[in-house]
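Below is one structure, written out as structure tokens, with a few remarks after it.
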Amino acid sequence: MLKTLRDITQAVASSRDLQYALELLVTQTKQAMATECCSIYILEEQQLVLSATDGLDPAAVNRVKLPVTQGLVGLVAQREEAINLADAPSHPRFKLLPEVAEEAYSAFLAVPIVYQKSVIGVIVVQQVQARQFSEGEEAFLMTLAAQLAVAIKGLTHRAKSSSSLQQRYYTGTQASKGIAIAKALMLGGQISFDLALQRANSIEEEEKRLQDAMNRCKDLLVGLSQRFDREKDEEAASIFKALLLLLEKASLGGEYIEEVRAGWSSETAVCQVSKRYIEHFGSMSDLYLKERANDIRDLGQRVLRQLIEPDKIFLEPETPVILITREASTTLLAEFPRQKLAGIVTELGGANSHAAILARAMGVPAIIGVEGILSANIEKSQIIINANRGQVIIEPSALVLSEYRSLIAAQEEQQRQYAQELSLKAVTLDNKRIYLYINSGLLSSVDSETGADSDGIGLYRTEILFMLKQCFPGEIEQLEIYRKVLKAAGNKPVVMRTLDVGGDKPLDYFPIIEDNPFLGWRGIRLSLDHPELFLVQLRAMLQAAIDTEQLHILLPMVSNLEEIDLSLIYLEQACQELTSELGKSITMPKVGIMLEVPVLLYQLDEVAKRVDFVSVGSNDLTQYLLAVDRNNPSVSPLFDSYHPGVLRALKFAVERCGEHQLPISVCGELAGEPIGAMLLVAMGYDQLSMNQASLARINYLLRRVSQTELNQLLGEALKLNSGEEVRLLVAQYCEQKGLASVLS
């Protein structure tokens with residue numbers, strides 16, 4: 001049965017047309033359950049529309065509409081539960097519909113199709129014989145409905161988008177604030193190597209089509225290689241040169257062509273060759289050879305994209321564009337030229353995923369979770385994204401366009417107003433000094449004019465360097481980058497976080513396969529299990545900071561005291577090695593931990609004996625306190641850093657650290673949000689680290705509030721029941737102070 005479920009689900013999910021998918025579904029389900037009739041009803045405006053059937057009169061499809069208040073199918077939708085009847089006509093809610101010719105059927109089993117707590121349809125099986133469907137049959141149909149919910153919802157949304165010229169708005173979730181107007185550039189995301197097998201109609205034409213795609217791919221790779229040569233990034237350039245070699249006739253390129261000559265389509269040829277070699281190299285024990293599977297996957301994806309989305313050179317658009325994609329990876333955002341990226345819209349992803357965090361760091365408006373946007377056929381259309389409201393507007397009218405251009409101009413003026421005070425220190429009205437730092441993982445944000453006006457770098461994400469590479473960067477390469485970061489920061493402190501991968505930050509060349517990655521092998525756990533990598537990073541950091549006292553080292557994802565102790569042992573080892581090798585004393589930098597795992601809230605007395613500072617990672621701390629995967633769209637609305645319980649935990653942390661004179665800061669997203677910054681200052685936090693784009697706004701805001709008043713506000717907030725109530729309370733305070741515009 002499991003195979004049958006999988007086959008039906010995959011067949012529906014891979015369909016491009018809603019009607020075809022539904023017809024396939026009812027036919028295959030009828031066969032799988034060995035019954036005489038299967039039908040599916042889709043809910044539209046509180047009416048259940050017969051959308052496909054195998055057993056009823058096909059002429060009734062899309063004509064029969066049943067209110068949810070009528071009939072057995074309506075009862076299933078109302079109750080949101082299955083109904084299993086041996087003699088359906090005897091039930092009081094039975095409604096005979098002559099136009100569907102169902103009077104012959106007695107046995108009736110129907111289950112709701114539920115997507116994110118809402119019924120979107122009902123699937124029904126029927127039989128002439130009066131009998132109750134078995135428990136196993138009922139379980140099968142319920143499981144099938146649950147598995148199909150996402151696919152049917154997506155196909156329904158796609159069909160509406162294609163058929164209605166009036167549909168001009170899409171909605172999603174804000175990932176990074178801002179408004180942008182630009183042409184759409186659609187990028188379909190990762191293309192599966194499990195495409196349906198397809199034979200070539202003409203081998204000669206198919207070979208030419210493949211060769212053209214490979215040539216376009218070569219042009220793209222040459223351009224990327226030359227770009228990184230100009231930037232003197234030899235390792236990045238060498239990666240693209242290696243991919244070029246793989247495209248040669250003596251390598252994979254030749255094998256693609258041979259597969260086409262054997263009678264397969266270009267897409268099938270690329271998929272089959274790629275899968276064969278990925279499996280071959282992936283099974284090798286040698287780490288270097290094992291990593292070559294990633295090169296083969298990368299190349300196959302690039303060639304497939306040129307076949308499926310021809311002529312799309314997406315990394316170098318002529319003018320700024322709004323990128324429309326299934327899911328924006330960190331690598332894609334880092335490679336995309338910043339001056340050409342006006343905004344980002346994705347179908348998947350979490351508002352607190354690492355890619356979303358990077359978008360905020362880059363100051364790029366971004367909206368995630370926009371269902372059906374890839375099927376809207378809006379390539380090169382002019383669109384507006386209002387990330388502040390989670391809205392995407394397709395081909396706006398002249399009036400709407402004018403209004404948004406005025407709004408953008410007003411916001412730019414507002415930003416200029418904030419920037420005028422950026423060189424002034426953040427001091428509250430009652431003279432409380434707040435130190436504002438920036439979070440960074442890109443050298444460009446450290447070296448910018450805005451970054452120069454901060455009090456330093458409160459979080460340098462070293463993992464960004466690792467994520468942009470095809471293998472672990474060596475000591476010399478890391479040393480050069482860290483040295484540039486310290487130099488760009490002037491004499492200001494720089495908090496460098498050791499490698500923090502895992503969870504939503506994977507390394508392509510070091511895959512970690514886990515059922516629950518956020519509770520798995522990540523952060524300091526990985527570093528301590530690989531001391532050869534950890535020591536290289538520590539040595540590079542220490543050497544970069546010779547003759548300065550700027551460097552602070554931050555340990556991520558610490559969950560017990562032993563991890564701190566062992567990390568300090570390795571740091572001492574790195575100091576001693578370098579002292580011996582260089583013939584000069586290496587100064588031990590200040591060391592801190594990320595407070596992300598809730599258990600450490602109750603061990604801060606012991607933590608204070610071991611480290612020099614604490615930095616709160618509010619994103620993960622919130623995630624673990626609320627037991628919410630912030631990247632899971634099904635539960636991400638429950639992720640709320642303003643939950644009164646989370647606020648109490650943050651207040652507890654600053655109070656405990658204060659008792660031990662242990663400096664504590666916040667480097668999570670909360671610190672860069674106006675409401676969050678005010679509440680944190682009220683708690684007693686005087687060090688906040690945020691994305692560069694938030695710095696001027698937060699500085700402007702804190703110079704206009706009083707910590708005494710904020711303390712009173714916090715007292716009221718902690719008595720509330722939800723994060724939404726907290727936001728409303730603080731918004732009302734800002735309105736009274738004439739600061740409402742700062743929240744927008």
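So you can find residues: chains in the structure tokens are A, B, ... in the order shown, residues in each start at 1, and ligands are numbered from 1 in order.
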
*Got a sec: who's within 6 Å of stretch 716-724 of chain A, counting only C-alpha atoms, leaving out chain neighbours fewer than 2 positions off, as a list in words?*
Tyr642, His643, Pro644, Leu713, Leu714, Val726 and Arg727 of chain A

*Could you pull out the strand (DSSP E or B) residues of stretch 51-133 of chain A from DSSP and send them as a PyMOL selection string?*
chain A and resi 51-54+65-67+83-85+107-115+118-127

*Got a sec: who's within 12 Å of stretch 62-68 of chain A, counting only C-alpha atoms, leaving out chain neighbours fewer than 4 positions off, as a PyMOL selection string?*
chain A and resi 19+22+39-53+56-58+72-80+93-101+112+119-122

For stretch 247-258 of chain A, list every protein, DNA or RNA residue within 10 Å, evaluated using only C-alpha atoms, and leave out those in the same chain fewer than 5 positions away; present the list as a CSV table (one decimal) with N, CA and C atoms, in the first residue's frame.
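Final output, out18.csv:
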```csv
chain,number,residue,atom,x,y,z
A,203,ILE,N,16.7,12.3,-33.1
A,203,ILE,CA,18.0,12.2,-32.4
A,203,ILE,C,18.9,13.4,-32.9
A,206,GLU,N,17.6,16.6,-31.3
A,206,GLU,CA,17.8,16.6,-29.8
A,206,GLU,C,19.2,16.8,-29.5
A,207,GLU,N,20.1,16.2,-30.3
A,207,GLU,CA,21.6,16.5,-30.1
A,207,GLU,C,21.9,17.9,-30.3
A,208,LYS,N,21.4,18.6,-31.3
A,208,LYS,CA,21.6,20.0,-31.5
A,208,LYS,C,21.1,20.8,-30.3
A,210,LEU,N,20.7,19.8,-27.2
A,210,LEU,CA,21.6,19.6,-26.1
A,210,LEU,C,22.9,20.4,-26.2
A,211,GLN,N,23.5,20.4,-27.4
A,211,GLN,CA,24.7,21.1,-27.7
A,211,GLN,C,24.5,22.6,-27.5
A,214,MET,N,24.4,23.3,-23.8
A,214,MET,CA,25.8,23.1,-23.2
A,214,MET,C,26.6,24.4,-23.5
A,215,ASN,N,26.5,24.9,-24.8
A,215,ASN,CA,27.2,26.1,-25.1
A,215,ASN,C,26.8,27.3,-24.3
A,217,CYS,N,25.6,27.1,-21.4
A,217,CYS,CA,26.1,26.9,-20.0
A,217,CYS,C,27.6,27.2,-20.0
A,218,LYS,N,28.3,26.9,-21.0
A,218,LYS,CA,29.8,27.3,-21.1
A,218,LYS,C,30.0,28.8,-21.0
A,242,ALA,N,36.7,24.1,-13.4
A,242,ALA,CA,36.6,22.7,-13.3
A,242,ALA,C,35.3,22.2,-13.9
A,263,GLY,N,19.0,7.5,-28.0
A,263,GLY,CA,17.5,7.6,-28.3
A,263,GLY,C,16.8,8.4,-27.2
A,264,TRP,N,17.5,8.9,-26.2
A,264,TRP,CA,16.8,9.6,-25.1
A,264,TRP,C,16.7,11.1,-25.4
A,265,SER,N,15.8,11.8,-24.7
A,265,SER,CA,15.7,13.3,-24.8
A,265,SER,C,16.9,13.9,-24.1
A,266,SER,N,17.1,15.1,-24.3
A,266,SER,CA,18.3,15.8,-23.7
A,266,SER,C,18.1,15.8,-22.2
A,267,GLU,N,16.9,16.1,-21.7
A,267,GLU,CA,16.7,16.2,-20.2
A,267,GLU,C,16.9,14.8,-19.6
A,268,THR,N,16.4,13.7,-20.2
A,268,THR,CA,16.6,12.4,-19.7
A,268,THR,C,18.0,12.0,-19.7
A,269,ALA,N,18.7,12.4,-20.8
A,269,ALA,CA,20.2,12.1,-20.9
A,269,ALA,C,21.0,12.7,-19.8
A,270,VAL,N,20.7,14.0,-19.5
A,270,VAL,CA,21.5,14.7,-18.4
A,270,VAL,C,21.1,14.1,-17.1
A,271,CYS,N,19.8,13.8,-16.9
A,271,CYS,CA,19.4,13.2,-15.6
A,271,CYS,C,20.0,11.8,-15.4
A,272,GLN,N,20.0,11.0,-16.4
A,272,GLN,CA,20.5,9.6,-16.2
A,272,GLN,C,22.0,9.6,-16.0
A,273,VAL,N,22.8,10.4,-16.7
A,273,VAL,CA,24.2,10.4,-16.6
A,273,VAL,C,24.5,11.0,-15.2
A,274,SER,N,23.9,12.1,-14.8
A,274,SER,CA,24.1,12.7,-13.5
A,274,SER,C,23.9,11.8,-12.4
A,277,TYR,N,26.6,9.0,-12.0
A,277,TYR,CA,27.9,9.4,-11.5
A,277,TYR,C,27.7,9.9,-10.0
A,296,ILE,N,29.2,17.2,-10.0
A,296,ILE,CA,28.4,16.6,-11.1
A,296,ILE,C,26.9,17.0,-10.9
A,299,LEU,N,26.8,20.7,-12.2
A,299,LEU,CA,26.8,20.8,-13.6
A,299,LEU,C,25.5,20.4,-14.3
A,300,GLY,N,25.0,19.2,-13.8
A,300,GLY,CA,23.7,18.7,-14.3
A,300,GLY,C,22.6,19.7,-14.2
A,303,VAL,N,23.0,22.6,-16.8
A,303,VAL,CA,22.6,22.2,-18.1
A,303,VAL,C,21.1,22.0,-18.2
```

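Closest approach to A:Gly343 among A:Ala180, A:Leu679, A:Leu626, A:Val495 is made by A:Ala180 (distances from only C-alpha atoms).
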
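You will find atom CA of A:Ile564 at 7.4 Å from atom CA of A:Arg610.
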
Each stretch 631-724 of chain A residue no farther than 6 Å from stretch 412-418 of chain A, nearest pair in Å, only C-alpha atoms, as a Markdown table:
```
| residue | atom | partner | partner_atom | distance |
| --- | --- | --- | --- | --- |
| A:Ala696 | CA | A:Tyr418 | CA | 5.3 |
| A:Arg697 | CA | A:Tyr418 | CA | 5.7 |
| A:Tyr700 | CA | A:Tyr418 | CA | 5.7 |
```

Write a file of the just-selected residues containing C-alpha atoms, as a PDB file, in the first residue's frame.
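part-v8.pdb written:
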```pdb
ATOM      1  CA  ALA A 696      20.164  54.045  11.545  1.00  0.00           C
ATOM      2  CA  ARG A 697      16.506  53.428  12.414  1.00  0.00           C
ATOM      3  CA  TYR A 700      17.177  57.320  15.741  1.00  0.00           C
TER       4      TYR A 700
END
```

*Please provide the set of residues having any atom within 10 Å of A:Ile664, restricted to only C-alpha atoms, with same-chain residues fewer than 5 positions apart removed, written as a PyMOL selection string.*
chain A and resi 592-595+612-616+653-658+684-688

*Would you mind listing what lies within 8 Å of A:Pro365 as a ChimeraX atom specification, with only C-alpha atoms counted and same-chain residues fewer than 6 positions away left out?*
/A:175-180,342-344,359,385-387

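With only C-alpha atoms as the basis for measurement, A:Leu568 is the residue among A:Leu568, A:Ala182, A:Leu680, A:Ala608 that approaches A:Leu538 most closely.
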
_Give me, as a PyMOL selection string, all polymer residues having an atom no more than 12 Å from A:Glu135, counting only C-alpha atoms and skipping those fewer than 2 positions away in the same chain._
chain A and resi 82-84+109+132-133+137-142

Pull N, CA and C atoms from the residues just selected and write them as an mmCIF file, in the first residue's frame.
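out_2.cif written:
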```
data_model
loop_
_atom_site.group_PDB
_atom_site.id
_atom_site.type_symbol
_atom_site.label_atom_id
_atom_site.label_comp_id
_atom_site.auth_asym_id
_atom_site.auth_seq_id
_atom_site.Cartn_x
_atom_site.Cartn_y
_atom_site.Cartn_z
ATOM 1 N N ALA A 82 -13.931 12.035 8.472
ATOM 2 C CA ALA A 82 -14.409 11.036 7.519
ATOM 3 C C ALA A 82 -15.810 10.548 7.871
ATOM 4 N N ILE A 83 -16.552 10.125 6.848
ATOM 5 C CA ILE A 83 -17.853 9.473 7.025
ATOM 6 C C ILE A 83 -17.821 8.169 6.233
ATOM 7 N N ASN A 84 -18.165 7.068 6.912
ATOM 8 C CA ASN A 84 -18.118 5.724 6.325
ATOM 9 C C ASN A 84 -19.477 5.068 6.545
ATOM 10 N N LEU A 109 -17.761 6.193 1.336
ATOM 11 C CA LEU A 109 -16.647 6.600 2.209
ATOM 12 C C LEU A 109 -16.093 7.916 1.674
ATOM 13 N N GLN A 132 -19.875 -1.634 4.693
ATOM 14 C CA GLN A 132 -19.042 -0.568 5.264
ATOM 15 C C GLN A 132 -17.596 -0.808 4.830
ATOM 16 N N PHE A 133 -16.938 0.249 4.362
ATOM 17 C CA PHE A 133 -15.527 0.113 3.984
ATOM 18 C C PHE A 133 -14.715 -0.252 5.222
ATOM 19 N N GLU A 137 -9.160 0.337 4.502
ATOM 20 C CA GLU A 137 -9.523 1.177 3.354
ATOM 21 C C GLU A 137 -9.703 2.630 3.778
ATOM 22 N N GLU A 138 -10.327 2.818 4.937
ATOM 23 C CA GLU A 138 -10.520 4.180 5.447
ATOM 24 C C GLU A 138 -9.178 4.842 5.744
ATOM 25 N N ALA A 139 -8.262 4.073 6.357
ATOM 26 C CA ALA A 139 -6.935 4.615 6.680
ATOM 27 C C ALA A 139 -6.174 4.979 5.411
ATOM 28 N N PHE A 140 -6.313 4.131 4.379
ATOM 29 C CA PHE A 140 -5.637 4.404 3.111
ATOM 30 C C PHE A 140 -6.111 5.727 2.512
ATOM 31 N N LEU A 141 -7.445 5.912 2.467
ATOM 32 C CA LEU A 141 -7.980 7.116 1.850
ATOM 33 C C LEU A 141 -7.634 8.367 2.659
ATOM 34 N N MET A 142 -7.642 8.257 3.984
ATOM 35 C CA MET A 142 -7.277 9.396 4.828
ATOM 36 C C MET A 142 -5.807 9.764 4.640
#
```

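Our summary of the geometry notes that atom CA of A:Lys590 is positioned 6.3 Å from atom CA of A:Ile553.
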
*To one decimal place, how far is atom CA of A:Leu542 from atom CA of A:Lys469 in Å?*
21.9 Å

*Could you pull out the helix (DSSP H, G or I) residues of stretch 85-275 of chain A from DSSP and send them as an MDAnalysis selection string?*
chainID A and resid 88:90 98:100 135:163 203:230 234:246 252:261 266:275

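Residue nearest A:Ala376 within the list A:Ala671, A:Met557, A:Leu155, A:Ile481: A:Leu155 [criterion: smallest interatomic distance, only C-alpha atoms].
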